[in-house]
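One structure is given below, encoded as structure tokens.
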Amino acid sequence: MDLLPIVIVVAFFQLAVIRQPLPDVGSVVFGGLLVAAGLLLFIEGLEMSLFPIGEAMANALAQKGSLFWLFTFAFLLGFSTTIAEPALIAITNEAGRISAEDDLLPNEPEVLRNYALGLRLTVAFSVGLAIVLGVVRILKGWPLHYIVIGGYVLVIGMTLISPDEIVGLAYDTGGVTTSTITVPLVTALGVGLAQAIKGRNPLLDGFGMIALASMAPIIFVMIYGFFWF
């Protein structure tokens with residue numbers, strides 16, 4: 001049912017607008033079945049492992065009462081899940097290639113690898129800090145909208161002074177960081193922590209970390225752009 005809208009849109013434009021048969025119907029059908037199977041296994045895996053373990057670890061660390069270990073876990077969780085995001089790897093490699101084609105970077109493999117790796121590390125570091133900020137917000141009970149509004153005021157200000165070549169990429173990295181790996185674990189961390197702390201509402205306080213994780217990379221990637229362009 002989730003894939004049905006995609007199938008309808010593709011079929012409509014292929015048959016009614018382009019009016020050409022699919023180039024390889026067998027491969028398309030087989031690939032669609034693989035996508036459906038993959039989504040099914042992925043969702044089941046989230047329900048069986050990632051959500052429970054994220055909530056359990058957040059609860060255990062809160063009960064332990066050590067802010068150091070709680071903040072360390074939050075930072076490393078944000079950093080490690082982001083650095084492994086396939087979408088982030090793809091966009092940073094593509095950004096390096098396009099920059100070389102536009103003569104913004106030397107078209108040398110080592111330079112492009114360093115540029116892409118630097119982007120990934122910058123984004124991962126920013127997400128780690130954002131998750132720590134989200135944990136502090138839950139602990140202190142700070143209103144989410146104050147942090148988000150203040151953050152995006154900073155984003156707009158930096159957009160005006162940052163190199164044009166990095167602005168679009170910075171905004172895109174804010175989106176790709178919140179993908180298949182990061183979202184489940186970070187959400188589980190926030191909800192589990194809010195459940196473990198007396199006086200916190202998991203619905204009101206447990207969500208919002210993803211918003212911070214989307215905002216922080218925009219700021220940090222624009223800063224990164226000052227060193228390259």
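The way I read the labels, and the way they are meant: chains A, B, ... in the order of the structure tokens, residue 1 as the first residue of every chain, and ligand 1 as the first ligand shown, with later ones counted on from there.
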Query - Within 12 Å of Pro143 in chain A using only C-alpha atoms, minus same-chain residues under 2 positions, as an MDAnalysis selection string - result: chainID A and resid 134 136:141 145:150 204:208
Report task. Write down as a ChimeraX atom specification the residues belonging to range 16-228 of chain A that are assigned alpha helix (DSSP H) by DSSP computed on the backbone. Result -> /A:25-45,51-64,67-83,86-101,109-140,144-161,164-176,182-196,202-205,209-226
**Report entry** For Ala74 in chain A: contacts at 9 Å, only C-alpha atoms, fewer than 5 positions along chain excluded, given as number ranges by chain
**Finding:** A: 58, 69, 79, 128-129, 131-132, 134-135, 186, 189
Query raised in the report: Contacts of Leu154 in chain A at 12 Å or less, counting only C-alpha atoms, minus same-chain residues fewer than 5 places along, as JSON, numbers by chain?
Result: {"A": [147, 148, 149, 159, 160, 161, 162, 215, 216, 218, 219, 220, 222, 223]}
May I have the residues from that selection written out with N, CA and C atoms, as a short mmCIF file (atom, residue, chain, number, x, y, z; two decimals), in the first residue's frame?
data_model
loop_
_atom_site.label_atom_id
_atom_site.label_comp_id
_atom_site.auth_asym_id
_atom_site.auth_seq_id
_atom_site.Cartn_x
_atom_site.Cartn_y
_atom_site.Cartn_z
N ILE A 147 14.63 27.33 20.60
CA ILE A 147 15.90 26.86 20.03
C ILE A 147 15.84 26.83 18.51
N VAL A 148 14.72 26.35 17.97
CA VAL A 148 14.60 26.24 16.51
C VAL A 148 14.57 27.62 15.87
N ILE A 149 13.81 28.56 16.43
CA ILE A 149 13.74 29.90 15.87
C ILE A 149 15.10 30.58 15.93
N THR A 159 23.59 32.42 5.75
CA THR A 159 23.31 32.28 4.32
C THR A 159 23.70 33.55 3.57
N LEU A 160 23.53 34.69 4.20
CA LEU A 160 23.81 35.97 3.54
C LEU A 160 25.30 36.21 3.36
N ILE A 161 26.13 35.60 4.19
CA ILE A 161 27.56 35.89 4.13
C ILE A 161 28.40 34.71 3.66
N SER A 162 27.79 33.54 3.51
CA SER A 162 28.55 32.35 3.12
C SER A 162 28.81 32.34 1.62
N MET A 215 18.93 21.01 11.45
CA MET A 215 19.34 22.41 11.43
C MET A 215 20.86 22.58 11.58
N ALA A 216 21.45 21.83 12.49
CA ALA A 216 22.87 22.02 12.80
C ALA A 216 23.79 21.84 11.60
N ILE A 218 23.39 22.56 8.52
CA ILE A 218 23.35 23.72 7.63
C ILE A 218 24.36 24.76 8.11
N ILE A 219 24.38 25.00 9.41
CA ILE A 219 25.30 25.99 9.97
C ILE A 219 26.75 25.55 9.81
N PHE A 220 27.03 24.31 10.16
CA PHE A 220 28.41 23.84 10.16
C PHE A 220 28.97 23.67 8.75
N MET A 222 28.14 25.48 6.15
CA MET A 222 28.46 26.82 5.65
C MET A 222 29.78 27.31 6.24
N ILE A 223 30.02 26.99 7.50
CA ILE A 223 31.33 27.32 8.08
C ILE A 223 32.43 26.56 7.35
#
Query - Near-range 38-41 of chain A list (12 Å; only C-alpha atoms; drop same-chain fewer than 5 positions) as number ranges by chain - result: A: 1-3, 31-33, 46-49, 180
**Report entry** Contacts of Leu119 in chain A within 10 Å, only C-alpha atoms, excl. fewer than 4 positions in-chain, as a ChimeraX atom specification
**Finding:** /A:83,88-89,91-93,95-96,113-115,123-125,170,173,217,220-221,224-225
Limited to C-alpha atoms, could you put the picked residues into a file as a short mmCIF file (atom, residue, chain, number, x, y, z; two decimals), in the first residue's frame?
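File written: selection29.cif
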data_model
loop_
_atom_site.label_atom_id
_atom_site.label_comp_id
_atom_site.auth_asym_id
_atom_site.auth_seq_id
_atom_site.Cartn_x
_atom_site.Cartn_y
_atom_site.Cartn_z
CA ILE A 83 28.71 9.17 9.30
CA LEU A 88 25.23 11.60 3.08
CA ILE A 89 28.02 9.55 1.50
CA ILE A 91 25.80 13.67 -1.69
CA THR A 92 29.30 14.47 -0.40
CA ASN A 93 30.93 12.43 -3.17
CA ALA A 95 29.50 17.54 -4.29
CA GLY A 96 33.21 16.89 -4.70
CA ARG A 113 38.34 12.35 -1.17
CA ASN A 114 39.52 14.79 1.49
CA TYR A 115 36.79 17.27 0.59
CA VAL A 123 27.99 17.00 9.24
CA ALA A 124 28.42 14.08 11.64
CA PHE A 125 30.05 16.32 14.26
CA ALA A 170 24.52 23.07 3.23
CA THR A 173 22.93 18.09 4.01
CA PRO A 217 24.51 20.66 9.60
CA PHE A 220 28.41 23.84 10.16
CA VAL A 221 28.62 23.10 6.43
CA TYR A 224 33.14 24.47 6.31
CA GLY A 225 32.65 26.30 3.02
#
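Closest approach to Ala100 in chain A from the set A:Glu165, A:Ala60, A:Leu185, A:Tyr152 is made by A:Glu165, with distances taken over only C-alpha atoms.
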